[in-house]
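Shown here: input.txt, compact mmCIF, C-alpha atoms and all ligand atoms.
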# COMPACT_ATOMS: atom_id res chain seq x y z
CA MET Z 30 60.78 22.07 -43.15
CA LYS Z 31 59.28 19.03 -41.47
CA ASN Z 32 59.52 15.46 -42.61
CA TYR Z 33 56.50 13.21 -42.65
CA LYS Z 34 55.26 9.85 -43.81
CA THR Z 35 52.04 9.96 -45.84
CA SER Z 36 50.60 7.06 -43.81
CA GLU Z 37 51.07 9.10 -40.60
CA LEU Z 38 49.93 12.43 -41.99
CA LYS Z 39 46.26 12.17 -41.06
CA ASN Z 40 47.01 11.47 -37.38
CA LYS Z 41 49.71 14.08 -37.30
CA LEU Z 42 47.59 16.89 -38.74
CA THR Z 43 44.34 16.06 -36.98
CA SER Z 44 46.10 15.76 -33.64
CA ASN Z 45 47.75 19.17 -33.89
CA GLY Z 46 44.38 20.64 -34.93
CA HIS Z 47 45.74 23.58 -36.91
CA LYS Z 48 44.56 24.80 -40.29
CA ILE Z 49 45.83 23.10 -43.45
CA ILE Z 50 47.08 25.56 -46.03
CA LEU Z 51 48.47 25.02 -49.51
CA PHE Z 52 50.92 27.68 -50.64
CA GLY Z 53 50.34 27.72 -54.40
CA ALA Z 54 46.90 27.56 -56.03
CA GLY Z 55 48.13 26.29 -59.40
CA ASP Z 56 48.27 22.79 -60.89
CA ILE Z 57 50.41 21.26 -58.09
CA GLY Z 58 48.03 22.88 -55.60
CA GLU Z 59 45.15 21.03 -57.24
CA LEU Z 60 47.01 17.69 -57.08
CA VAL Z 61 48.01 18.18 -53.45
CA LYS Z 62 44.46 19.09 -52.46
CA TYR Z 63 43.29 15.86 -54.10
CA ALA Z 64 46.05 13.88 -52.32
CA LEU Z 65 45.08 15.31 -48.91
CA ASN Z 66 41.38 14.77 -49.56
CA GLN Z 67 42.14 11.12 -50.39
CA LEU Z 68 43.59 10.84 -46.87
CA GLY Z 69 40.40 12.34 -45.44
CA LEU Z 70 42.01 15.73 -44.78
CA LYS Z 71 40.31 18.99 -45.71
CA VAL Z 72 42.27 21.95 -47.05
CA ASP Z 73 41.27 25.21 -45.32
CA TYR Z 74 42.96 27.77 -47.56
CA TYR Z 75 45.20 28.31 -50.51
CA VAL Z 76 47.77 31.10 -50.42
CA ASP Z 77 48.97 32.53 -53.72
CA ASN Z 78 50.97 35.54 -54.86
CA ASP Z 79 48.70 36.14 -57.84
CA LYS Z 80 46.45 39.08 -56.90
CA ASP Z 81 43.79 37.95 -59.41
CA LYS Z 82 43.17 34.86 -57.28
CA HIS Z 83 42.83 36.60 -53.89
CA GLY Z 84 39.44 36.32 -52.16
CA LYS Z 85 38.21 33.89 -54.82
CA LYS Z 86 37.77 30.15 -54.66
CA ARG Z 87 40.16 27.84 -56.46
CA TYR Z 88 39.22 24.16 -56.71
CA GLY Z 89 36.53 24.96 -54.13
CA VAL Z 90 38.93 26.51 -51.57
CA LYS Z 91 39.36 30.20 -50.70
CA VAL Z 92 42.63 31.85 -51.78
CA LEU Z 93 44.42 34.16 -49.33
CA SER Z 94 47.18 36.66 -49.99
CA PHE Z 95 50.63 36.31 -48.40
CA GLN Z 96 49.72 39.23 -46.13
CA GLU Z 97 46.67 37.33 -44.85
CA LEU Z 98 48.81 34.26 -44.22
CA THR Z 99 51.11 36.23 -41.91
CA LEU Z 100 48.12 36.89 -39.63
CA LEU Z 101 47.35 33.19 -39.16
CA ASN Z 102 48.55 30.97 -36.32
CA LYS Z 103 52.27 30.25 -36.67
CA ASN Z 104 51.58 26.54 -36.10
CA SER Z 105 49.39 26.28 -39.20
CA ASN Z 106 50.23 23.30 -41.42
CA ILE Z 107 51.55 24.71 -44.68
CA PHE Z 108 52.33 22.60 -47.77
CA ILE Z 109 54.38 24.44 -50.37
CA SER Z 110 52.61 23.52 -53.59
CA ASN Z 111 54.47 25.60 -56.13
CA ASN Z 112 57.96 25.57 -57.67
CA TYR Z 113 59.61 27.90 -55.19
CA TYR Z 114 60.12 25.60 -52.26
CA SER Z 115 63.48 26.96 -51.12
CA SER Z 116 62.65 30.67 -51.25
CA ILE Z 117 59.17 30.31 -49.74
CA GLY Z 118 60.45 27.94 -47.03
CA ALA Z 119 63.11 30.51 -46.08
CA GLU Z 120 60.46 33.26 -45.96
CA LEU Z 121 58.12 31.18 -43.76
CA ASN Z 122 60.99 30.36 -41.44
CA LYS Z 123 61.79 34.05 -41.03
CA LEU Z 124 58.16 34.76 -40.17
CA GLY Z 125 58.21 32.13 -37.43
CA PHE Z 126 56.05 29.44 -39.09
CA THR Z 127 57.13 26.04 -37.84
CA ASN Z 128 54.99 23.43 -39.62
CA PHE Z 129 55.73 23.64 -43.30
CA TYR Z 130 56.30 20.79 -45.70
CA ASP Z 131 57.24 19.99 -49.27
CA CYS Z 132 54.72 17.79 -51.10
CA VAL Z 133 57.14 15.23 -52.55
CA GLU Z 134 56.22 12.35 -50.22
CA LEU Z 135 52.50 13.06 -50.63
CA LEU Z 136 52.69 13.24 -54.43
CA ASN Z 137 54.80 10.06 -54.55
CA ASN Z 138 52.20 8.15 -52.57
CA THR Z 139 49.00 9.20 -54.31
CA ASP Z 140 47.41 7.56 -57.32
CA PHE Z 141 46.17 10.32 -59.65
CA LYS Z 142 45.23 8.09 -62.58
CA ASP Z 143 41.48 7.79 -62.05
CA HIS Z 144 40.69 11.44 -61.51
CA LYS Z 145 40.24 14.25 -64.05
CA PHE Z 146 41.94 17.47 -63.00
CA GLU Z 147 40.93 20.96 -64.08
CA SER Z 148 44.46 22.22 -64.54
CA LEU Z 149 46.34 19.26 -66.00
CA HIS Z 150 45.90 16.81 -68.85
CA THR Z 151 46.30 13.23 -67.50
CA LEU Z 152 49.50 12.67 -69.51
CA LYS Z 153 51.07 15.76 -68.02
CA ILE Z 154 50.59 14.76 -64.36
CA ASP Z 155 53.73 12.63 -64.02
CA ARG Z 156 55.80 15.21 -65.87
CA ARG Z 157 54.53 18.02 -63.68
CA ILE Z 158 55.17 16.08 -60.46
CA GLU Z 159 58.69 15.23 -61.60
CA TYR Z 160 59.34 18.91 -62.30
CA TYR Z 161 58.08 19.88 -58.85
CA LYS Z 162 60.22 17.21 -57.17
CA ASN Z 163 63.31 18.39 -58.98
CA MET Z 164 62.69 21.94 -57.85
CA CYS Z 165 62.30 20.81 -54.23
CA LEU Z 166 65.37 18.59 -54.36
CA LYS Z 167 67.59 21.17 -56.02
CA ASP Z 168 69.45 22.05 -52.83
CA GLU Z 169 69.98 18.37 -52.08
CA TYR Z 170 71.36 17.70 -55.58
CA SER Z 171 73.55 20.75 -55.34
CA SER Z 172 75.21 19.56 -52.14
CA SER Z 173 75.35 15.86 -53.11
CA GLY Z 174 77.49 16.44 -56.21
CA GLU Z 175 74.87 14.88 -58.49
CA LEU Z 176 73.85 16.60 -61.67
CA ASN Z 177 70.20 15.71 -62.21
CA ILE Z 178 68.58 17.86 -64.85
CA LYS Z 179 64.82 18.18 -64.78
CA ASN Z 180 64.52 19.36 -68.37
CA LEU Z 181 66.44 20.86 -71.24
CA ASP Z 182 64.99 22.80 -74.17
CA VAL Z 183 66.66 21.65 -77.35
CA GLN Z 184 65.88 24.31 -79.93
CA ILE Z 185 66.28 22.68 -83.34
CA THR Z 186 65.14 25.57 -85.52
CA GLU Z 187 64.42 29.29 -85.51
CA ARG Z 188 61.73 28.70 -88.15
CA CYS Z 189 58.06 28.50 -87.27
CA SER Z 190 54.81 27.78 -89.08
CA LEU Z 191 53.28 30.71 -87.18
CA LYS Z 192 54.69 34.16 -86.54
CA CYS Z 193 53.40 35.19 -83.13
CA SER Z 194 54.18 38.81 -82.35
CA HIS Z 195 54.67 37.96 -78.64
CA CYS Z 196 56.48 34.63 -78.90
CA SER Z 197 58.33 34.26 -75.60
CA ASN Z 198 61.14 32.39 -77.43
CA LEU Z 199 61.62 35.51 -79.61
CA MET Z 200 61.02 33.84 -83.00
CA GLN Z 201 59.27 36.99 -84.24
CA PHE Z 202 62.63 38.80 -84.42
CA TYR Z 203 64.47 36.38 -86.72
CA GLU Z 204 64.80 37.87 -90.20
CA LYS Z 205 66.49 34.84 -91.73
CA PRO Z 206 65.59 31.93 -89.44
CA VAL Z 207 67.69 28.78 -89.83
CA ASN Z 208 67.72 25.20 -88.58
CA GLU Z 209 70.31 24.08 -86.05
CA ASP Z 210 73.56 22.63 -87.33
CA LEU Z 211 73.11 18.97 -86.39
CA ASP Z 212 76.82 18.16 -86.11
CA LEU Z 213 77.26 20.95 -83.59
CA LEU Z 214 74.09 19.96 -81.76
CA PHE Z 215 75.01 16.29 -81.54
CA SER Z 216 78.54 16.85 -80.30
CA SER Z 217 77.28 19.30 -77.65
CA LEU Z 218 74.61 16.82 -76.56
CA ASP Z 219 77.18 14.03 -76.24
CA ARG Z 220 79.41 16.18 -74.05
CA PHE Z 221 76.43 17.33 -72.01
CA MET Z 222 75.30 13.74 -71.43
CA GLU Z 223 78.79 12.75 -70.27
CA CYS Z 224 78.38 15.30 -67.48
CA VAL Z 225 74.85 14.63 -66.24
CA ASP Z 226 73.71 11.81 -63.97
CA LYS Z 227 70.15 11.87 -65.22
CA ILE Z 228 67.80 13.99 -67.31
CA TYR Z 229 64.11 13.70 -66.79
CA GLU Z 230 62.91 15.48 -69.90
CA PHE Z 231 64.29 16.78 -73.18
CA ARG Z 232 61.95 19.28 -74.83
CA VAL Z 233 62.36 19.44 -78.60
CA LEU Z 234 61.12 22.75 -79.92
CA GLY Z 235 61.69 25.71 -82.19
CA GLY Z 236 59.92 27.67 -83.60
CA ASP Z 237 58.00 24.71 -84.85
CA PRO Z 238 60.24 21.62 -84.70
CA PHE Z 239 58.33 20.09 -87.63
CA MET Z 240 59.71 22.89 -89.85
CA ASN Z 241 62.98 20.96 -89.60
CA LYS Z 242 62.71 17.84 -91.80
CA ASP Z 243 65.58 16.29 -89.81
CA MET Z 244 63.73 16.57 -86.52
CA TYR Z 245 63.58 12.79 -86.22
CA LYS Z 246 67.38 12.54 -86.10
CA VAL Z 247 67.38 14.70 -82.97
CA VAL Z 248 64.43 12.91 -81.35
CA ASN Z 249 65.98 9.49 -81.96
CA LYS Z 250 69.33 10.61 -80.61
CA LEU Z 251 67.80 12.02 -77.44
CA ALA Z 252 65.60 8.98 -76.83
CA ASN Z 253 68.61 6.65 -77.29
CA TYR Z 254 70.53 8.02 -74.32
CA ASP Z 255 70.04 5.63 -71.39
CA LYS Z 256 69.94 8.55 -68.97
CA THR Z 257 66.90 10.09 -70.75
CA GLU Z 258 63.49 9.49 -69.20
CA LYS Z 259 61.31 11.35 -71.69
CA VAL Z 260 61.45 13.36 -74.89
CA ILE Z 261 58.67 15.87 -75.43
CA VAL Z 262 58.10 17.27 -78.91
CA TYR Z 263 56.20 20.57 -78.97
CA THR Z 264 53.89 21.57 -81.78
CA ASN Z 265 51.37 24.30 -82.52
CA GLY Z 266 48.98 22.05 -84.46
CA ARG Z 267 49.91 23.25 -87.95
CA ILE Z 268 52.03 20.50 -89.52
CA VAL Z 269 50.80 16.91 -89.64
CA PRO Z 270 53.81 14.66 -88.96
CA LYS Z 271 54.72 12.18 -91.68
CA GLY Z 272 57.59 9.98 -92.81
CA PRO Z 273 60.50 9.68 -90.35
CA ASN Z 274 59.22 12.67 -88.34
CA LEU Z 275 56.11 10.58 -87.63
CA GLU Z 276 58.00 7.34 -87.03
CA CYS Z 277 60.20 8.87 -84.32
CA LEU Z 278 57.12 9.81 -82.28
CA LYS Z 279 56.25 6.13 -81.82
CA ASN Z 280 59.16 5.62 -79.41
CA GLU Z 281 57.78 4.90 -75.92
CA LYS Z 282 59.91 7.68 -74.40
CA VAL Z 283 58.39 10.30 -76.73
CA ILE Z 284 55.28 12.42 -76.12
CA LEU Z 285 53.84 14.95 -78.57
CA ASP Z 286 52.67 18.05 -76.70
CA MET Z 287 50.30 20.15 -78.77
CA THR Z 288 49.25 23.70 -78.02
CA ASN Z 289 45.94 24.37 -79.69
CA TYR Z 290 45.55 28.02 -80.74
CA GLY Z 291 42.01 27.53 -82.12
CA SER Z 292 41.65 28.32 -85.83
CA LEU Z 293 45.40 29.02 -86.15
CA SER Z 294 46.08 25.39 -85.23
CA ASN Z 295 44.33 24.35 -88.42
CA ASN Z 296 45.57 20.74 -88.41
CA HIS Z 297 45.00 20.08 -84.75
CA GLN Z 298 42.25 17.48 -85.32
CA GLN Z 299 44.17 15.71 -88.05
CA ILE Z 300 47.23 15.48 -85.78
CA VAL Z 301 45.12 13.98 -82.98
CA LYS Z 302 43.77 11.44 -85.48
CA VAL Z 303 47.28 10.51 -86.66
CA CYS Z 304 48.45 10.12 -83.04
CA GLU Z 305 45.54 7.86 -82.19
CA GLU Z 306 45.93 5.73 -85.32
CA ASN Z 307 49.64 5.30 -84.63
CA LYS Z 308 49.33 4.88 -80.83
CA ILE Z 309 51.51 7.94 -80.24
CA SER Z 310 51.36 9.43 -76.74
CA TYR Z 311 50.15 13.00 -76.95
CA SER Z 312 48.69 15.74 -74.80
CA GLU Z 313 47.01 18.93 -75.89
CA SER Z 314 45.90 22.15 -74.32
CA LEU Z 315 43.69 24.89 -75.70
CA THR Z 316 45.50 28.18 -75.15
CA THR Z 317 43.83 31.56 -75.51
CA VAL Z 318 45.83 33.73 -73.09
CA TRP Z 319 49.53 34.36 -72.65
CA GLN Z 320 51.69 36.41 -70.36
CA ASP Z 321 53.20 39.39 -72.13
CA CYS Z 322 56.82 38.25 -72.17
CA GLY Z 323 57.87 38.29 -75.80
CA GLU Z 324 59.44 41.72 -75.85
CA ILE Z 325 63.11 42.68 -75.77
CA LEU Z 326 63.24 45.78 -73.59
CA PRO Z 327 65.91 48.44 -73.76
CA LYS Z 328 68.41 47.92 -70.90
CA GLN Z 329 66.47 48.64 -67.71
CA ASP Z 330 69.43 49.37 -65.40
CA ARG Z 331 67.72 47.44 -62.63
CA SER Z 332 69.47 47.21 -59.29
CA GLU Z 333 71.06 43.91 -58.17
CA LEU Z 334 68.10 43.34 -55.91
CA GLU Z 335 65.58 43.99 -58.70
CA LYS Z 336 67.35 41.60 -61.06
CA LYS Z 337 67.46 38.93 -58.35
CA ARG Z 338 63.75 39.43 -57.71
CA LYS Z 339 62.95 39.17 -61.46
CA PHE Z 340 64.90 35.94 -61.63
CA ILE Z 341 63.51 34.33 -58.48
CA ASP Z 342 59.92 35.15 -59.40
CA CYS Z 343 60.32 34.08 -63.02
CA CYS Z 344 58.61 30.80 -63.93
CA ASN Z 345 61.16 30.30 -66.71
CA SER Z 346 64.40 30.97 -64.90
CA ASP Z 347 65.00 27.23 -64.54
CA GLN Z 348 64.22 26.40 -68.14
CA LEU Z 349 67.68 25.30 -69.21
CA SER Z 350 68.08 25.84 -72.96
CA LEU Z 351 70.52 24.60 -75.59
CA LEU Z 352 71.14 26.78 -78.63
CA LYS Z 353 74.06 26.74 -81.07
CA GLY Z 354 76.03 24.42 -78.79
CA LYS Z 355 75.66 26.64 -75.72
CA LEU Z 356 73.70 26.13 -72.56
CA TYR Z 357 71.64 28.99 -71.07
CA ARG Z 358 69.35 29.40 -68.06
CA CYS Z 359 66.28 30.27 -70.12
CA PRO Z 360 65.12 30.53 -73.75
CA PHE Z 361 64.93 34.33 -73.55
CA SER Z 362 68.59 34.53 -72.56
CA ALA Z 363 69.56 32.04 -75.34
CA ASN Z 364 67.65 33.72 -78.15
CA ALA Z 365 68.32 37.32 -77.09
CA GLU Z 366 72.03 36.55 -77.21
CA ASN Z 367 71.71 34.63 -80.47
CA LEU Z 368 69.93 37.66 -81.97
CA LYS Z 369 72.69 39.91 -80.60
CA ALA Z 370 70.02 41.91 -78.80
CA ILE Z 371 71.90 41.77 -75.47
CA PRO Z 372 75.62 41.96 -74.72
CA PHE Z 373 77.57 38.69 -74.66
CA ASN Z 374 78.32 37.51 -71.13
CA SER Z 375 80.38 34.34 -70.78
CA ASP Z 376 79.15 33.91 -67.17
CA ASP Z 377 75.59 33.35 -68.40
CA GLN Z 378 76.29 30.37 -70.62
CA VAL Z 379 78.33 27.21 -70.95
CA ASP Z 380 79.93 26.49 -74.30
CA LEU Z 381 79.53 22.72 -74.50
CA ASN Z 382 81.70 22.54 -77.59
CA ASP Z 383 84.76 24.19 -76.19
CA GLN Z 384 87.11 21.23 -76.41
CA LYS Z 385 89.62 23.01 -74.17
CA ILE Z 386 87.25 22.34 -71.29
CA SER Z 387 87.64 18.81 -69.92
CA ILE Z 388 84.53 16.82 -68.98
CA PRO Z 389 85.10 17.21 -65.18
CA GLU Z 390 85.53 20.98 -65.69
CA LEU Z 391 82.47 21.09 -67.91
CA LYS Z 392 80.43 19.36 -65.22
CA ILE Z 393 81.48 22.02 -62.71
CA LYS Z 394 80.52 24.77 -65.14
CA ILE Z 395 77.11 23.22 -65.83
CA LYS Z 396 76.47 22.80 -62.10
CA ASP Z 397 77.38 26.39 -61.57
CA LEU Z 398 74.90 27.53 -64.22
CA VAL Z 399 72.16 25.23 -62.92
CA TYR Z 400 72.56 25.72 -59.17
CA ASN Z 401 74.45 28.94 -58.49
CA LYS Z 402 72.87 31.75 -60.46
CA ASP Z 403 71.14 34.72 -58.85
CA TYR Z 404 70.17 36.20 -62.23
CA VAL Z 405 71.43 36.47 -65.80
CA SER Z 406 72.23 39.65 -67.76
CA ALA Z 407 69.16 39.04 -69.95
CA CYS Z 408 66.94 39.72 -66.90
CA ASP Z 409 67.74 43.40 -67.38
CA PHE Z 410 66.18 43.32 -70.88
CA CYS Z 411 63.19 41.12 -70.07
CA ASN Z 412 59.67 41.68 -68.80
CA GLY Z 413 60.09 38.62 -66.60
CA ARG Z 414 57.58 35.86 -66.23
CA ASP Z 415 55.86 36.18 -62.89
CA TYR Z 416 52.31 36.64 -61.71
CA THR Z 417 52.44 40.44 -62.15
CA VAL Z 418 53.09 40.29 -65.91
CA LYS Z 419 50.04 41.37 -67.86
CA LYS Z 420 47.95 38.84 -69.75
CA ILE Z 421 47.50 39.15 -73.52
CA LYS Z 422 45.65 37.31 -76.27
CA ALA Z 423 47.67 34.25 -77.28
CA ALA Z 424 49.32 33.89 -80.68
CA GLU Z 425 48.48 37.24 -82.30
CA GLN Z 426 50.24 37.14 -85.68
CA THR Z 427 52.62 39.50 -87.39
CA LYS Z 428 53.29 39.40 -91.13
CA LYS Z 429 56.89 40.59 -91.00
CA PRO Z 430 59.73 39.99 -88.53
CA LEU Z 431 59.69 42.63 -85.81
CA PRO Z 432 62.50 45.18 -85.58
CA TYR Z 433 64.77 45.31 -82.51
CA ILE Z 434 67.96 47.06 -81.47
CA ARG Z 435 71.20 45.12 -81.90
CA VAL Z 436 73.89 45.74 -79.32
CA VAL Z 437 76.76 44.59 -81.55
S1 LIG Z 501 54.79 30.98 -79.84
FE1 LIG Z 501 54.16 31.12 -81.99
S2 LIG Z 501 55.98 31.81 -83.09
FE2 LIG Z 501 56.66 31.10 -81.08
S3 LIG Z 501 57.23 28.98 -81.40
FE3 LIG Z 501 55.11 28.97 -80.72
S4 LIG Z 501 53.85 29.00 -82.56
FE4 LIG Z 501 55.95 29.59 -83.14
S1 LIG Z 502 65.77 36.65 -68.80
FE1 LIG Z 502 65.45 36.46 -66.58
S2 LIG Z 502 63.39 37.22 -66.22
FE2 LIG Z 502 63.58 36.82 -68.43
S3 LIG Z 502 62.80 34.76 -68.77
FE3 LIG Z 502 65.02 34.60 -68.44
S4 LIG Z 502 65.29 34.27 -66.24
FE4 LIG Z 502 63.21 35.03 -66.56
Can you give me the file's structure in the form of structure tokens?
Amino acid sequence: MKNYKTSELKNKLTSNGHKIILFGAGDIGELVKYALNQLGLKVDYYVDNDKDKHGKKRYGVKVLSFQELTLLNKNSNIFISNNYYSSIGAELNKLGFTNFYDCVELLNNTDFKDHKFESLHTLKIDRRIEYYKNMCLKDEYSSSGELNIKNLDVQITERCSLKCSHCSNLMQFYEKPVNEDLDLLFSSLDRFMECVDKIYEFRVLGGDPFMNKDMYKVVNKLANYDKTEKVIVYTNGRIVPKGPNLECLKNEKVILDMTNYGSLSNNHQQIVKVCEENKISYSESLTTVWQDCGEILPKQDRSELEKKRKFIDCCNSDQLSLLKGKLYRCPFSANAENLKAIPFNSDDQVDLNDQKISIPELKIKIKDLVYNKDYVSACDFCNGRDYTVKKIKAAEQTKKPLPYIRVV
């Protein structure tokens, strides 16, 4: 990896004269292209692992496959514009590429406010950049001893106002969904916050968090921690917030993030109106397609290498999740264990409420879960969430909870 200063980038790249390539044609790729264009630099190609994008243009730039990249000059200037900085950097190094960069400095020094992006709602830009930076800086955090968490899913209920047959958080399997026990949740959060140096984003979700009338107690608690930057409340556009569940959204740290599933999100417009009337920060995105990752597979007996691959390629393997007082690497792992659909594995979780564990020990355990995992047992029961997973219609409904095999 090479260091650079944004102010010197134009001279540096024009003087070496090699192609400029962005590895990652997703939302960060769009922001980085904009940032480079603002400096007067033209992007020659994107590279992306998603076969559907190969040979096509993305944001006006042709997308190459990884194979095509290997044929290009080894001095090409490559910016890694996706979440997998460490693994892609290592791969490029092995192939003999010398000029590759993370995009942190560039993203830090570009003003994105006055431009409309295809892939990102304006209110999501800062959040997305922060996520990217945390992914790039993971190795640094790991060696520095700091525990900076980019985001934590706080699941406050198993209940939902929709019953999507392919919910990736596995809500479709709960026969008797319940709300979280708030005493347990609050004591685990307090212990968690004693361990972390900073958390960029808490994500309050369910199911539908508005199914829990005490949602506000959680949102207020999370927003009150000094170490919290933001609290995002997720909704599917069904329940119009009112009373204390509306009041809590007015906190300046809180953003309401609405997924609009068309006619299923029947109160979407009313919610937008309420947000605007009450000056609540919100973002929304119309969603028609999902990846097919809401299934609990029978044990796949994948090899170590296959499980590692699943985990590395998974866009959710860094989505730390809190459920029933325990911390997991992803919501699939949390809910599959909660449903008893996969065997219990104490290595895949941290029990925040185990009072026998001192705070310094707990910090070590959390760091281990966050920084030192190659995969979790749940990866052997999961479709994974990478670019190869098939696309399906979003939010297809089921009337009844879906059956699954319990392991205990
Ligand atoms: S995907 Fe569907 S079932 Fe799952 S939480 Fe969202 S709205 Fe509820
Ligand atoms: S179980 Fe593994 S593959 Fe599935 S979502 Fe979690 S990390 Fe990804």
Hey, could you make a per-residue contact list for chain Z against ligand LIG 502 (chain Z) with 6 Å as the cut-off, showing the nearest pair of atoms and its distance in Å to one decimal, counting only C-alpha atoms and all ligand atoms, sorted by chain and number, as CSV?
residue,atom,partner,partner_atom,distance
Z:Lys339,CA,Z:LIG502,S2,5.2
Z:Phe340,CA,Z:LIG502,S4,4.9
Z:Cys343,CA,Z:LIG502,FE4,4.7
Z:Asn345,CA,Z:LIG502,FE4,5.2
Z:Ser346,CA,Z:LIG502,S4,3.7
Z:Cys359,CA,Z:LIG502,FE3,4.8
Z:Phe361,CA,Z:LIG502,FE3,5.1
Z:Ser362,CA,Z:LIG502,S1,5.2
Z:Ala407,CA,Z:LIG502,S1,4.3
Z:Cys408,CA,Z:LIG502,FE1,3.6
Z:Cys411,CA,Z:LIG502,FE2,4.6
Z:Gly413,CA,Z:LIG502,S2,3.6
Z:Arg414,CA,Z:LIG502,FE4,5.7
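Between CA of Ile57 in chain Z and CA of Arg156 in chain Z lies a distance of 11.2 Å.
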Legend entry - Given 10 Å and all atoms listed in the file, residues near ligand LIG 501 (chain Z) as a count of residues only: 40
Show me, as JSON, the centre and edge lengths in Å to one decimal of the axis-aligned box that covers every listed atom of range 167-174 of chain Z with 6 Å on each side.
{"center_x": 72.5, "center_y": 19.0, "center_z": -54.1, "size_x": 21.9, "size_y": 18.2, "size_z": 16.1}
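With distances taken over all atoms listed in the file, Z:Leu93 is the one residue among Z:Cys304, Z:Asp212, Z:Asn241, Z:Leu93 lying closest to Asp81 in chain Z.
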Legend entry - For Leu101 in chain Z: contacts at 12 Å, only C-alpha atoms, fewer than 6 positions along chain excluded, given as a list of chain:residue names: Z:His47, Z:Lys48, Z:Ile49, Z:Ile50, Z:Asp73, Z:Tyr74, Z:Val76, Z:Leu93, Z:Ser94, Z:Phe95, Z:Ile107, Z:Leu121, Z:Leu124, Z:Gly125, Z:Phe126
Legend entry - Proximity to Cys165 in chain Z - best of Z:Pro360, Z:Gly118, Z:Gly53, Z:Gly58, only C-alpha atoms: Z:Gly118
Selected range 327-370 of chain Z, written as a compact mmCIF listing (two decimals), in the first residue's frame, C-alpha atoms:
# COMPACT_ATOMS: atom_id res chain seq x y z
CA PRO Z 327 -28.55 -28.32 6.46
CA LYS Z 328 -24.91 -28.60 7.63
CA GLN Z 329 -22.80 -28.31 4.47
CA ASP Z 330 -19.61 -29.95 5.77
CA ARG Z 331 -17.55 -27.34 3.97
CA SER Z 332 -13.78 -27.57 4.21
CA GLU Z 333 -11.84 -25.06 6.35
CA LEU Z 334 -10.86 -23.25 3.18
CA GLU Z 335 -14.45 -23.08 1.92
CA LYS Z 336 -15.70 -21.71 5.23
CA LYS Z 337 -12.93 -19.11 5.27
CA ARG Z 338 -13.83 -18.10 1.71
CA LYS Z 339 -17.55 -17.81 2.61
CA PHE Z 340 -16.65 -15.59 5.53
CA ILE Z 341 -14.15 -13.37 3.72
CA ASP Z 342 -16.46 -12.82 0.76
CA CYS Z 343 -19.52 -12.22 2.93
CA CYS Z 344 -20.72 -8.60 3.09
CA ASN Z 345 -22.23 -9.30 6.51
CA SER Z 346 -19.37 -11.04 8.26
CA ASP Z 347 -18.46 -7.80 10.03
CA GLN Z 348 -21.98 -6.97 11.11
CA LEU Z 349 -21.52 -7.34 14.84
CA SER Z 350 -24.85 -8.25 16.45
CA LEU Z 351 -26.19 -8.21 20.00
CA LEU Z 352 -28.95 -10.66 20.90
CA LYS Z 353 -30.04 -11.90 24.33
CA GLY Z 354 -26.98 -10.37 25.95
CA LYS Z 355 -24.51 -12.06 23.59
CA LEU Z 356 -22.33 -10.63 20.90
CA TYR Z 357 -22.03 -12.38 17.51
CA ARG Z 358 -20.20 -11.69 14.25
CA CYS Z 359 -23.36 -11.46 12.16
CA PRO Z 360 -27.17 -11.49 12.52
CA PHE Z 361 -27.41 -14.92 10.86
CA SER Z 362 -25.10 -16.43 13.46
CA ALA Z 363 -27.04 -14.69 16.30
CA ASN Z 364 -30.51 -15.70 15.18
CA ALA Z 365 -29.62 -19.20 13.97
CA GLU Z 366 -28.22 -19.92 17.42
CA ASN Z 367 -31.15 -18.25 19.16
CA LEU Z 368 -33.51 -20.46 17.11
CA LYS Z 369 -31.38 -23.49 18.04
CA ALA Z 370 -30.96 -24.20 14.34
